[in-house]
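Have a look at input_29.tsv below; it lists TSV, C-alpha atoms and all ligand atoms.
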chain	number	residue	atom	x	y	z
A	1	MET	CA	45.10	31.51	80.36
A	2	ALA	CA	43.07	30.18	83.31
A	3	THR	CA	45.08	28.68	86.17
A	4	GLN	CA	45.54	24.97	85.55
A	5	GLN	CA	45.93	22.36	88.26
A	6	GLY	CA	48.56	19.62	88.33
A	7	ARG	CA	51.88	19.44	86.56
A	8	HIS	CA	52.38	21.09	83.22
A	9	PHE	CA	53.18	18.50	80.52
A	10	LEU	CA	56.36	19.81	78.91
A	11	HIS	CA	56.72	17.69	75.77
A	12	ILE	CA	58.81	19.93	73.57
A	13	PRO	CA	62.07	18.35	72.38
A	14	GLY	CA	64.10	20.28	74.90
A	15	PRO	CA	64.49	21.89	77.25
A	16	SER	CA	63.21	18.66	78.76
A	17	PRO	CA	61.69	18.34	82.25
A	18	ILE	CA	64.24	18.53	85.06
A	19	PRO	CA	64.18	15.66	87.59
A	20	ASP	CA	63.59	16.75	91.19
A	21	ARG	CA	66.98	15.25	92.14
A	22	ILE	CA	68.70	17.61	89.75
A	23	LEU	CA	66.65	20.60	90.86
A	24	ARG	CA	67.67	19.87	94.45
A	25	ALA	CA	71.33	19.52	93.47
A	26	ILE	CA	71.24	22.88	91.68
A	27	ALA	CA	69.66	24.51	94.74
A	28	MET	CA	72.82	23.99	96.84
A	29	PRO	CA	74.57	27.13	98.11
A	30	ILE	CA	77.14	28.50	95.70
A	31	ILE	CA	80.81	27.96	96.60
A	32	ASP	CA	84.06	29.76	95.83
A	33	HIS	CA	85.00	28.77	92.30
A	34	ARG	CA	88.68	29.10	93.19
A	35	SER	CA	88.49	26.80	96.22
A	36	ALA	CA	89.73	23.23	96.68
A	37	GLU	CA	86.09	22.17	97.11
A	38	PHE	CA	85.29	23.54	93.65
A	39	ALA	CA	88.31	21.83	92.10
A	40	THR	CA	86.93	18.49	93.30
A	41	LEU	CA	83.58	19.24	91.65
A	42	GLY	CA	85.32	20.50	88.49
A	43	LYS	CA	87.38	17.34	88.15
A	44	GLN	CA	84.33	15.13	88.83
A	45	VAL	CA	82.23	16.71	86.09
A	46	LEU	CA	85.05	16.98	83.56
A	47	GLU	CA	85.87	13.30	84.04
A	48	GLY	CA	82.19	12.30	84.31
A	49	CYS	CA	81.35	13.96	80.99
A	50	LYS	CA	83.87	11.72	79.26
A	51	THR	CA	81.81	8.67	80.25
A	52	ILE	CA	78.75	10.16	78.56
A	53	PHE	CA	80.53	11.22	75.35
A	54	LYS	CA	82.43	7.90	75.47
A	55	THR	CA	85.82	9.50	75.15
A	56	SER	CA	89.14	9.56	76.95
A	57	GLN	CA	89.93	12.94	75.36
A	58	PRO	CA	89.09	16.38	76.80
A	59	VAL	CA	85.52	17.62	77.08
A	60	VAL	CA	85.29	21.40	77.29
A	61	ILE	CA	82.32	22.82	79.22
A	62	TYR	CA	81.09	26.34	78.40
A	63	PRO	CA	78.61	28.45	80.35
A	64	ALA	CA	76.61	28.97	77.14
A	65	SER	CA	73.71	27.58	75.17
A	66	GLY	CA	74.37	25.05	72.42
A	67	THR	CA	74.87	27.81	69.86
A	68	GLY	CA	78.00	28.87	71.74
A	69	ALA	CA	79.45	25.37	71.44
A	70	TRP	CA	78.61	25.38	67.71
A	71	GLU	CA	80.61	28.58	67.33
A	72	ALA	CA	83.43	27.22	69.50
A	73	ALA	CA	83.82	24.17	67.23
A	74	ILE	CA	84.14	26.49	64.23
A	75	VAL	CA	86.45	29.20	65.61
A	76	ASN	CA	88.88	26.73	67.14
A	77	THR	CA	89.42	24.70	63.97
A	78	LEU	CA	88.52	26.77	60.90
A	79	SER	CA	89.44	30.08	59.26
A	80	PRO	CA	87.80	32.42	56.76
A	81	GLY	CA	88.21	30.99	53.24
A	82	ASP	CA	88.06	27.36	54.39
A	83	THR	CA	85.49	24.99	52.87
A	84	VAL	CA	83.35	22.56	54.86
A	85	LEU	CA	80.81	19.91	53.89
A	86	MET	CA	77.41	19.84	55.61
A	87	ALA	CA	74.10	18.09	55.00
A	88	GLU	CA	70.75	19.87	54.99
A	89	THR	CA	68.93	17.68	57.48
A	90	GLY	CA	66.68	20.50	58.74
A	91	HIS	CA	66.53	23.80	60.59
A	92	PHE	CA	69.47	23.19	62.95
A	93	ALA	CA	71.84	22.10	60.20
A	94	THR	CA	70.78	25.29	58.39
A	95	LEU	CA	71.55	27.43	61.45
A	96	TRP	CA	74.99	25.82	61.96
A	97	ARG	CA	75.71	26.48	58.30
A	98	GLN	CA	74.77	30.17	58.78
A	99	ILE	CA	77.24	30.52	61.65
A	100	ALA	CA	80.02	29.00	59.54
A	101	ALA	CA	79.12	31.38	56.68
A	102	ARG	CA	79.32	34.37	59.05
A	103	PHE	CA	82.96	33.43	59.68
A	104	GLY	CA	83.67	33.55	55.95
A	105	ILE	CA	83.66	29.76	55.58
A	106	THR	CA	82.35	28.30	52.33
A	107	VAL	CA	79.76	25.63	53.04
A	108	ASP	CA	79.07	22.89	50.52
A	109	PHE	CA	75.54	22.13	51.71
A	110	ILE	CA	74.22	18.79	50.42
A	111	PRO	CA	70.52	19.52	49.83
A	112	GLY	CA	67.91	17.55	51.73
A	113	ASP	CA	64.13	17.37	51.99
A	114	TRP	CA	64.06	17.43	55.83
A	115	ARG	CA	62.58	13.92	55.92
A	116	ARG	CA	65.74	11.86	56.60
A	117	GLY	CA	69.24	11.99	58.06
A	118	ALA	CA	72.45	12.85	56.24
A	119	ASP	CA	73.27	10.40	53.45
A	120	PRO	CA	76.67	8.69	54.01
A	121	ALA	CA	76.94	7.80	50.28
A	122	ALA	CA	76.43	11.44	49.23
A	123	ILE	CA	79.08	12.56	51.73
A	124	GLU	CA	81.50	9.92	50.44
A	125	ALA	CA	80.87	10.98	46.82
A	126	ARG	CA	81.61	14.66	47.62
A	127	LEU	CA	84.80	13.73	49.48
A	128	VAL	CA	86.00	11.47	46.66
A	129	GLU	CA	85.52	14.38	44.21
A	130	ASP	CA	87.62	16.63	46.47
A	131	LYS	CA	90.97	15.33	45.24
A	132	ALA	CA	92.82	18.45	46.46
A	133	HIS	CA	91.43	17.97	49.99
A	134	THR	CA	90.08	21.50	50.19
A	135	ILE	CA	87.24	20.36	52.47
A	136	LYS	CA	88.48	20.99	56.00
A	137	ALA	CA	85.58	19.50	57.93
A	138	VAL	CA	82.47	17.37	57.59
A	139	MET	CA	79.78	18.75	59.93
A	140	VAL	CA	76.64	16.75	60.69
A	141	VAL	CA	73.72	17.10	63.11
A	142	HIS	CA	73.20	13.71	64.80
A	143	ASN	CA	69.60	14.25	65.86
A	144	GLU	CA	67.88	16.94	63.79
A	145	THR	CA	65.55	18.36	66.43
A	146	SER	CA	63.43	20.20	63.87
A	147	THR	CA	62.44	17.05	61.97
A	148	GLY	CA	62.95	14.03	64.25
A	149	SER	CA	65.52	12.40	61.95
A	150	THR	CA	68.83	10.96	63.14
A	151	SER	CA	71.94	10.66	61.02
A	152	ARG	CA	73.99	7.47	60.98
A	153	ILE	CA	77.24	8.79	62.44
A	154	ALA	CA	79.16	5.48	62.41
A	155	GLU	CA	78.32	5.08	58.70
A	156	ILE	CA	79.36	8.64	57.93
A	157	ARG	CA	82.69	7.93	59.64
A	158	LYS	CA	83.10	4.89	57.38
A	159	ALA	CA	82.24	7.05	54.37
A	160	ILE	CA	84.97	9.57	55.27
A	161	ASP	CA	87.46	6.73	55.71
A	162	ALA	CA	86.37	5.04	52.49
A	163	ALA	CA	87.05	8.29	50.63
A	164	GLY	CA	90.49	8.44	52.28
A	165	HIS	CA	89.79	12.07	53.18
A	166	PRO	CA	91.58	13.89	56.03
A	167	ALA	CA	88.71	16.30	56.88
A	168	LEU	CA	87.84	16.84	60.52
A	169	PHE	CA	84.53	15.23	61.54
A	170	MET	CA	82.30	17.45	63.69
A	171	VAL	CA	78.96	16.26	65.05
A	172	ASP	CA	76.17	18.17	66.79
A	173	THR	CA	74.72	15.94	69.52
A	174	ILE	CA	72.81	18.73	71.24
A	175	SER	CA	69.57	16.76	71.21
A	176	SER	CA	70.98	13.22	71.10
A	177	LEU	CA	73.62	12.98	73.82
A	178	ALA	CA	72.45	10.79	76.71
A	179	SER	CA	69.35	9.78	74.74
A	180	VAL	CA	70.77	8.03	71.67
A	181	ASP	CA	73.83	5.75	71.51
A	182	TYR	CA	76.86	7.91	70.75
A	183	ARG	CA	80.60	7.10	70.74
A	184	HIS	CA	83.00	10.01	70.29
A	185	ASP	CA	86.21	7.93	70.33
A	186	GLU	CA	85.02	4.76	68.60
A	187	TRP	CA	83.51	6.75	65.73
A	188	GLN	CA	86.60	8.96	65.59
A	189	VAL	CA	84.66	12.16	65.81
A	190	ASP	CA	86.95	15.18	66.11
A	191	VAL	CA	84.55	17.63	67.72
A	192	THR	CA	81.31	16.61	69.38
A	193	VAL	CA	79.08	19.57	70.20
A	194	SER	CA	76.41	19.19	72.85
A	195	GLY	CA	74.13	21.03	75.28
A	196	SER	CA	72.67	20.57	78.73
A	197	GLN	CA	68.94	20.98	78.24
A	198	LYS	CA	67.92	17.76	76.46
A	199	GLY	CA	69.13	14.24	77.32
A	200	LEU	CA	71.20	15.52	80.22
A	201	MET	CA	67.96	16.74	81.85
A	202	LEU	CA	69.53	20.03	82.99
A	203	PRO	CA	68.38	23.60	82.47
A	204	PRO	CA	69.78	25.36	79.41
A	205	GLY	CA	73.08	27.11	80.10
A	206	LEU	CA	75.87	24.57	79.65
A	207	SER	CA	77.31	23.41	76.38
A	208	PHE	CA	80.15	21.14	75.40
A	209	ASN	CA	82.90	20.37	72.92
A	210	ALA	CA	84.49	16.93	73.13
A	211	VAL	CA	87.78	17.36	71.29
A	212	SER	CA	90.05	14.81	69.60
A	213	GLU	CA	93.83	15.18	69.47
A	214	LYS	CA	93.52	15.90	65.73
A	215	ALA	CA	91.09	18.76	66.44
A	216	MET	CA	93.34	20.06	69.26
A	217	ALA	CA	96.26	20.13	66.84
A	218	ALA	CA	94.08	21.97	64.27
A	219	SER	CA	93.20	24.55	66.91
A	220	ARG	CA	96.85	25.08	67.82
A	221	ALA	CA	97.64	25.72	64.15
A	222	ASN	CA	94.53	27.86	63.50
A	223	THR	CA	95.26	31.57	63.50
A	224	LEU	CA	91.63	32.79	63.65
A	225	PRO	CA	91.49	35.17	66.66
A	226	ARG	CA	89.37	33.84	69.52
A	227	SER	CA	89.29	34.24	73.25
A	228	TYR	CA	86.21	33.09	75.18
A	229	TRP	CA	85.89	29.88	73.18
A	230	ASP	CA	89.60	29.02	73.03
A	231	TRP	CA	90.20	25.36	73.87
A	232	GLN	CA	93.89	25.72	74.72
A	233	GLU	CA	93.38	28.04	77.68
A	234	MET	CA	90.35	26.05	78.84
A	235	VAL	CA	92.06	22.66	78.81
A	236	LYS	CA	95.16	24.03	80.55
A	237	ILE	CA	93.14	25.44	83.45
A	238	ASN	CA	90.70	22.49	83.52
A	239	ALA	CA	93.66	20.27	84.44
A	240	GLY	CA	93.42	21.64	87.99
A	241	GLY	CA	89.60	21.34	88.08
A	242	PHE	CA	89.14	25.07	87.42
A	243	PHE	CA	87.86	27.25	84.58
A	244	PRO	CA	89.41	30.34	82.96
A	245	TYR	CA	86.33	32.41	83.86
A	246	THR	CA	83.50	32.15	86.39
A	247	PRO	CA	81.85	28.79	85.76
A	248	ALA	CA	78.12	28.10	86.06
A	249	THR	CA	78.76	26.47	89.45
A	250	ASN	CA	75.19	25.43	90.24
A	251	LEU	CA	74.63	23.93	86.81
A	252	LEU	CA	77.78	21.90	87.41
A	253	TYR	CA	76.21	20.53	90.62
A	254	GLY	CA	73.28	19.54	88.42
A	255	LEU	CA	75.59	18.01	85.82
A	256	LYS	CA	77.24	15.84	88.47
A	257	GLU	CA	73.81	14.57	89.55
A	258	ALA	CA	72.69	13.99	85.94
A	259	ILE	CA	75.78	11.89	85.20
A	260	ALA	CA	75.13	9.85	88.35
A	261	MET	CA	71.48	9.30	87.37
A	262	LEU	CA	72.39	8.21	83.84
A	263	HIS	CA	74.86	5.65	85.17
A	264	GLU	CA	72.46	4.38	87.83
A	265	GLU	CA	69.95	3.57	85.09
A	266	GLY	CA	72.77	2.49	82.77
A	267	LEU	CA	73.33	4.13	79.38
A	268	PRO	CA	72.10	1.07	77.41
A	269	ALA	CA	68.86	1.14	79.43
A	270	VAL	CA	68.53	4.90	78.87
A	271	PHE	CA	68.89	4.44	75.10
A	272	ALA	CA	66.45	1.48	75.08
A	273	ARG	CA	63.88	3.51	77.04
A	274	HIS	CA	64.07	6.33	74.50
A	275	GLN	CA	63.60	3.79	71.67
A	276	ARG	CA	60.57	2.26	73.39
A	277	LEU	CA	58.88	5.60	74.00
A	278	ALA	CA	59.56	6.71	70.41
A	279	SER	CA	58.15	3.48	69.01
A	280	ALA	CA	54.96	3.88	71.07
A	281	THR	CA	54.61	7.48	69.90
A	282	ARG	CA	54.90	6.43	66.26
A	283	ALA	CA	52.28	3.71	66.87
A	284	ALA	CA	49.94	6.42	68.17
A	285	VAL	CA	50.60	8.69	65.16
A	286	LYS	CA	49.87	5.81	62.79
A	287	ALA	CA	46.63	4.96	64.59
A	288	TRP	CA	45.53	8.62	64.38
A	289	GLY	CA	45.97	8.32	60.61
A	290	LEU	CA	48.65	11.03	60.63
A	291	GLU	CA	52.15	10.88	59.19
A	292	VAL	CA	55.56	11.01	60.84
A	293	LEU	CA	57.80	13.58	59.10
A	294	CYS	CA	60.87	11.29	59.03
A	295	GLU	CA	60.32	8.88	56.14
A	296	ASN	CA	63.16	6.45	56.81
A	297	PRO	CA	62.22	4.06	59.65
A	298	ALA	CA	65.93	3.42	60.37
A	299	GLU	CA	66.45	7.13	61.03
A	300	GLN	CA	63.33	7.95	63.07
A	301	SER	CA	64.41	9.74	66.20
A	302	PRO	CA	64.29	8.17	69.68
A	303	VAL	CA	64.12	11.73	71.08
A	304	LEU	CA	61.16	13.35	69.39
A	305	THR	CA	58.52	12.65	66.78
A	306	ALA	CA	57.55	15.36	64.29
A	307	VAL	CA	53.96	14.85	63.13
A	308	MET	CA	52.64	16.25	59.86
A	309	MET	CA	49.35	18.13	60.03
A	310	PRO	CA	46.63	17.27	57.53
A	311	PRO	CA	46.63	19.82	54.66
A	312	SER	CA	44.98	23.17	55.47
A	313	HIS	CA	45.28	22.66	59.24
A	314	ASP	CA	47.67	24.92	61.10
A	315	ALA	CA	49.94	23.11	63.57
A	316	ASP	CA	50.39	26.22	65.72
A	317	ARG	CA	46.66	26.72	66.14
A	318	TYR	CA	46.39	23.08	67.17
A	319	ARG	CA	49.26	23.43	69.69
A	320	LYS	CA	47.54	26.48	71.20
A	321	VAL	CA	44.31	24.55	71.70
A	322	ALA	CA	46.16	21.61	73.29
A	323	LEU	CA	48.02	23.97	75.63
A	324	GLU	CA	44.95	25.90	76.68
A	325	LYS	CA	42.70	22.90	77.16
A	326	TYR	CA	45.12	20.26	78.43
A	327	ASN	CA	48.15	22.13	79.78
A	328	ILE	CA	50.58	20.41	77.39
A	329	SER	CA	53.40	22.13	75.50
A	330	LEU	CA	54.23	20.55	72.15
A	331	GLY	CA	57.10	21.67	69.90
A	332	SER	CA	56.40	24.01	67.00
A	333	GLY	CA	57.47	23.45	63.41
A	334	LEU	CA	60.66	25.39	62.63
A	335	GLY	CA	61.89	27.02	59.44
A	336	LYS	CA	60.52	25.37	56.30
A	337	VAL	CA	58.03	23.23	58.23
A	338	ALA	CA	56.63	26.02	60.46
A	339	GLY	CA	52.88	25.55	60.89
A	340	LYS	CA	53.05	22.22	59.04
A	341	VAL	CA	54.28	19.94	61.81
A	342	PHE	CA	54.13	19.71	65.57
A	343	ARG	CA	56.75	17.86	67.58
A	344	ILE	CA	56.27	15.51	70.52
A	345	GLY	CA	59.31	15.34	72.80
A	346	HIS	CA	59.87	12.01	74.59
A	347	LEU	CA	63.33	12.54	75.99
A	348	GLY	CA	65.17	12.75	79.27
A	349	GLU	CA	62.98	12.44	82.37
A	350	CYS	CA	60.18	10.51	80.66
A	351	ASN	CA	58.61	7.11	81.22
A	352	GLU	CA	55.66	5.10	79.91
A	353	LEU	CA	52.93	6.75	81.93
A	354	MET	CA	54.26	10.25	81.37
A	355	LEU	CA	54.27	9.52	77.65
A	356	LEU	CA	50.75	8.06	77.72
A	357	GLY	CA	49.54	11.17	79.55
A	358	ALA	CA	51.14	13.32	76.88
A	359	LEU	CA	49.69	11.24	74.04
A	360	SER	CA	46.26	11.54	75.65
A	361	GLY	CA	46.71	15.31	75.60
A	362	VAL	CA	47.75	15.18	71.94
A	363	GLU	CA	44.76	13.02	71.00
A	364	MET	CA	42.21	15.05	72.97
A	365	GLY	CA	43.80	18.20	71.54
A	366	LEU	CA	43.30	16.90	67.99
A	367	ALA	CA	39.61	16.39	68.73
A	368	ALA	CA	39.25	19.77	70.46
A	369	ALA	CA	40.95	21.59	67.57
A	370	GLY	CA	38.84	19.80	64.94
A	371	VAL	CA	41.87	18.18	63.29
A	372	PRO	CA	40.74	15.16	61.24
A	373	HIS	CA	42.09	11.97	62.80
A	374	ARG	CA	41.03	8.55	64.02
A	375	SER	CA	40.83	7.93	67.77
A	376	GLY	CA	42.75	5.03	69.31
A	377	GLY	CA	46.29	6.42	69.23
A	378	VAL	CA	46.75	6.09	72.98
A	379	MET	CA	45.46	2.49	72.84
A	380	ALA	CA	47.94	1.73	70.06
A	381	ALA	CA	50.76	3.24	72.14
A	382	MET	CA	49.74	1.12	75.14
A	383	SER	CA	49.82	-2.05	73.04
A	384	ASP	CA	53.18	-1.09	71.60
A	385	LEU	CA	54.58	-0.49	75.08
A	386	SER	CA	53.27	-3.75	76.49
A	387	GLU	CA	54.80	-5.62	73.56
A	388	SER	CA	58.16	-3.88	73.84
A	389	GLY	CA	59.31	-5.16	77.19
A	390	ARG	CA	59.74	-4.02	80.72
A	391	PRO	CA	58.64	-0.59	81.85
A	392	ALA	CA	60.95	2.41	81.66
A	393	GLY	CA	62.45	4.08	84.70
A	394	ASN	CA	64.80	3.50	87.58
A	395	ILE	CA	63.46	0.09	88.49
A	396	ALA	CA	66.11	-2.20	89.93
A	397	ALA	CA	66.53	-5.36	87.87
B	1	LIG	N1	71.52	22.01	67.51
B	1	LIG	C1	70.43	21.29	67.79
B	1	LIG	C2	70.31	19.92	67.20
B	1	LIG	C3	69.44	21.79	68.62
B	1	LIG	O1	68.36	21.06	68.89
B	1	LIG	C4	69.59	23.10	69.16
B	1	LIG	C5	68.55	23.67	70.03
B	1	LIG	O2	67.48	23.14	70.19
B	1	LIG	C6	70.74	23.82	68.85
B	1	LIG	C7	71.69	23.25	68.04
B	1	LIG	C8	70.95	25.20	69.37
B	1	LIG	O3	71.17	25.14	70.75
B	1	LIG	P1	70.77	26.32	71.74
B	1	LIG	O4	69.35	26.70	71.43
B	1	LIG	O5	70.96	25.73	73.11
B	1	LIG	O6	71.70	27.46	71.49

Now that the file is in, can you turn its structure into structure tokens?
Ligand code: PLP
Amino acid sequence: MATQQGRHFLHIPGPSPIPDRILRAIAMPIIDHRSAEFATLGKQVLEGCKTIFKTSQPVVIYPASGTGAWEAAIVNTLSPGDTVLMAETGHFATLWRQIAARFGITVDFIPGDWRRGADPAAIEARLVEDKAHTIKAVMVVHNETSTGSTSRIAEIRKAIDAAGHPALFMVDTISSLASVDYRHDEWQVDVTVSGSQKGLMLPPGLSFNAVSEKAMAASRANTLPRSYWDWQEMVKINAGGFFPYTPATNLLYGLKEAIAMLHEEGLPAVFARHQRLASATRAAVKAWGLEVLCENPAEQSPVLTAVMMPPSHDADRYRKVALEKYNISLGSGLGKVAGKVFRIGHLGECNELMLLGALSGVEMGLAAAGVPHRSGGVMAAMSDLSESGRPAGNIAA
């Protein structure tokens, strides 16, 4: 590819662009991870994370990608032969299911068409049927990154309660945390799984389990052998601000900065900004005459928009043209929708003008790749943004 001038437009749904402030924080010299100075940092990030997950319970931080935290949630609480209930929201729910299956866990997978979030009524119905309480956990992906659909976690909590079922509730917030409203304690989630490279605006390499007392008790009782992922050892050593093995020190510097940035903007403002950018993106898609993959407007993701390609046009060929001509990376279709959709990320370090630049790249890319569409998407996004209130970003009120 020819050298391209200016900043690359990274608009995949994570890893998201890293703010300069965070890059500078990460570039600090490494320190002794057994020193008093480290313990101060350790305590700051462990406490700070709780404000993002909205919990007063422990948040475990792993030097691992999100997949590690998925596995950690499973091996701490479940054993071979257990049954869990999951919903087929898309590719990531399917991958989490595969991990559970590899540990000999039976997954009751509520089928889905990848065009909506998990259905609280279907979950309630399955739990009501399970009179013997064989289902040990309900596991849901909050923001299905492969489809751009969010699941209604508060409603799923109500469904579990309405069924009077004691199953643990585990939620993957890898692509929703710090972008979409989320409340670990209020929604009585037992394990919240998350990762660093999306709403937290960090590089990949950290992942998280926020753990309720009920889940902690389940892990104490669970005899499945585990070591690296074990919560008990982690929480014991975290009490002093330390970790049981060498932590990703520089990513923790970045995490401290990310938490500060999120609170400076204010979480409600962060969530509202994501909603505004998503709404403008959907306005553009509509004006192009294309279709958003998520069919339920109430579940359309604030984080990313998956756009369906017109029949007989390959989304990956289109993405290649957009990258080569306009230096923009768009997300590929994954699993069942590979080649059929492309995904526009509008998460983390993103504001109105960054989004409009990206949408211009998408629209010019459509023309350059010969994909049938109407022009005017960027104009529609501009109108949507000017109707939807004050600009995004760190602007003091
Ligand atoms: N869950 C969701 C919703 C994701 O979006 C991803 C990655 O994009 C994962 C899990 C897997 O995380 P990782 O690739 O960091 O291992």

Exercise. Kindly provide, as a ChimeraX atom specification, all nucleotide and amino acid residues lying within 6 Å of ligand LIG 1 (chain B), counting only C-alpha atoms and all ligand atoms.
Key: /A:65-67,92,143-145,174-175

Quiz prompt | Nearest candidate to Met170 (chain A) (options A:Trp70, A:Phe53, A:Trp288, A:Tyr318; using all atoms listed in the file) | solution = A:Trp70

Within 12 Å of Asp82 (chain A), counting only C-alpha atoms, which residues qualify if same-chain residues fewer than 6 places away don't, as an mmCIF file with C-alpha atoms, in the coordinates of the input?
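Below you can see out.cif, which holds the result:
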data_model
loop_
_atom_site.group_PDB
_atom_site.id
_atom_site.type_symbol
_atom_site.label_atom_id
_atom_site.label_comp_id
_atom_site.auth_asym_id
_atom_site.auth_seq_id
_atom_site.Cartn_x
_atom_site.Cartn_y
_atom_site.Cartn_z
ATOM 1 C CA ILE A 74 84.140 26.490 64.230
ATOM 2 C CA VAL A 75 86.450 29.200 65.610
ATOM 3 C CA ALA A 100 80.020 29.000 59.540
ATOM 4 C CA ALA A 101 79.120 31.380 56.680
ATOM 5 C CA PHE A 103 82.960 33.430 59.680
ATOM 6 C CA GLY A 104 83.670 33.550 55.950
ATOM 7 C CA ILE A 105 83.660 29.760 55.580
ATOM 8 C CA THR A 106 82.350 28.300 52.330
ATOM 9 C CA VAL A 107 79.760 25.630 53.040
ATOM 10 C CA ASP A 108 79.070 22.890 50.520
ATOM 11 C CA HIS A 133 91.430 17.970 49.990
ATOM 12 C CA THR A 134 90.080 21.500 50.190
ATOM 13 C CA ILE A 135 87.240 20.360 52.470
ATOM 14 C CA LYS A 136 88.480 20.990 56.000
ATOM 15 C CA ALA A 137 85.580 19.500 57.930
ATOM 16 C CA VAL A 138 82.470 17.370 57.590
ATOM 17 C CA ALA A 167 88.710 16.300 56.880
ATOM 18 C CA ASN A 222 94.530 27.860 63.500
ATOM 19 C CA LEU A 224 91.630 32.790 63.650
#

Quiz item: From the set A:Gly365, A:Pro225, A:Gly42, A:Gly90, which residue has the shortest atom-to-atom contact distance to Val59 (chain A), counting only C-alpha atoms?
Solution: A:Gly42

Find the residues around Gly205 (chain A) up to 12 Å (all atoms listed in the file counted), leave out those fewer than 6 positions away in its own chain, and share them as a JSON list (two decimals) with C-alpha atoms, in the coordinates of the input.
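After the write, selection_17.json holds the following:
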[["chain", "number", "residue", "atom", "x", "y", "z"],
["A", 15, "PRO", "CA", 64.49, 21.89, 77.25],
["A", 61, "ILE", "CA", 82.32, 22.82, 79.22],
["A", 62, "TYR", "CA", 81.09, 26.34, 78.40],
["A", 63, "PRO", "CA", 78.61, 28.45, 80.35],
["A", 64, "ALA", "CA", 76.61, 28.97, 77.14],
["A", 65, "SER", "CA", 73.71, 27.58, 75.17],
["A", 66, "GLY", "CA", 74.37, 25.05, 72.42],
["A", 67, "THR", "CA", 74.87, 27.81, 69.86],
["A", 68, "GLY", "CA", 78.00, 28.87, 71.74],
["A", 69, "ALA", "CA", 79.45, 25.37, 71.44],
["A", 194, "SER", "CA", 76.41, 19.19, 72.85],
["A", 195, "GLY", "CA", 74.13, 21.03, 75.28],
["A", 196, "SER", "CA", 72.67, 20.57, 78.73],
["A", 197, "GLN", "CA", 68.94, 20.98, 78.24],
["A", 198, "LYS", "CA", 67.92, 17.76, 76.46],
["A", 247, "PRO", "CA", 81.85, 28.79, 85.76],
["A", 248, "ALA", "CA", 78.12, 28.10, 86.06],
["A", 249, "THR", "CA", 78.76, 26.47, 89.45],
["A", 250, "ASN", "CA", 75.19, 25.43, 90.24],
["A", 251, "LEU", "CA", 74.63, 23.93, 86.81],
["A", 252, "LEU", "CA", 77.78, 21.90, 87.41],
["A", 254, "GLY", "CA", 73.28, 19.54, 88.42],
["A", 255, "LEU", "CA", 75.59, 18.01, 85.82]]

Quiz prompt | Nearest candidate to Leu78 (chain A) (options A:Ile99, A:Leu206, A:Ala154, A:Cys294; using only C-alpha atoms) | solution =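 Among A:Ile99, A:Leu206, A:Ala154, A:Cys294, it is A:Ile99 that comes nearest to Leu78 (chain A).
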
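Proximity ranking of A:Ser329, A:Ser207, A:Thr83, A:Thr150 relative to Pro297 (chain A) places A:Thr150 first, based on only C-alpha atoms.
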
Quiz item: Which residue out of A:Arg317, A:Arg220, A:Arg102, A:Arg34 has the minimum interatomic distance to Thr246 (chain A) when only C-alpha atoms are used?
Solution: A:Arg34

Quiz item: With only C-alpha atoms as the atoms that count, which of A:Leu353, A:Val211, A:Leu359, A:Ile328 lies nearest to Arg282 (chain A)?
Solution: A:Leu359

Please determine the residues with any atom at most 6 Å from (81.6, 18.0, 57.4) (coordinates as given in the file, with all atoms listed in the file counting) and report them as a PDB file with C-alpha atoms, keeping the file's coordinate frame.
ATOM      1  CA  VAL A  84      83.350  22.560  54.860  1.00  0.00           C
ATOM      2  CA  LEU A  85      80.810  19.910  53.890  1.00  0.00           C
ATOM      3  CA  MET A  86      77.410  19.840  55.610  1.00  0.00           C
ATOM      4  CA  ALA A 137      85.580  19.500  57.930  1.00  0.00           C
ATOM      5  CA  VAL A 138      82.470  17.370  57.590  1.00  0.00           C
ATOM      6  CA  MET A 139      79.780  18.750  59.930  1.00  0.00           C
ATOM      7  CA  PHE A 169      84.530  15.230  61.540  1.00  0.00           C
TER       8      PHE A 169
END

Quiz item: Could you work out how far CA of Arg152 (chain A) lies from CA of Ala121 (chain A), giving the answer in Å with one decimal?
Solution: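 Going from CA of Ala121 (chain A) over to CA of Arg152 (chain A) covers 11.1 Å.
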
Exercise. Show which residues sit within 12 Å of Val371 (chain A), as a list in words. Count only C-alpha atoms, and ignore same-chain residues fewer than 6 positions away.
Key: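 After dropping sequence-adjacent residues, the list is Trp288, Gly289, Leu290, Met308, Met309, Pro310, Pro311, Ser312, His313, Asp314, Ala315, Asp316, Arg317, Tyr318, Arg319, Val321, Ala322, Val362, Glu363, Met364 and Gly365 of chain A.
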
Quiz item: Any idea what the distance is between CA of Ala306 (chain A) and CA of Lys54 (chain A)?
Solution: 28.3 Å

Exercise. List the neighbours of Gln232 (chain A) out to 10 Å using all atoms listed in the file; skip same-chain residues closer than 6 positions along the sequence, and give me the result as a PyMOL selection string.
Key: chain A and resi 60+76+216-217+219-220+238
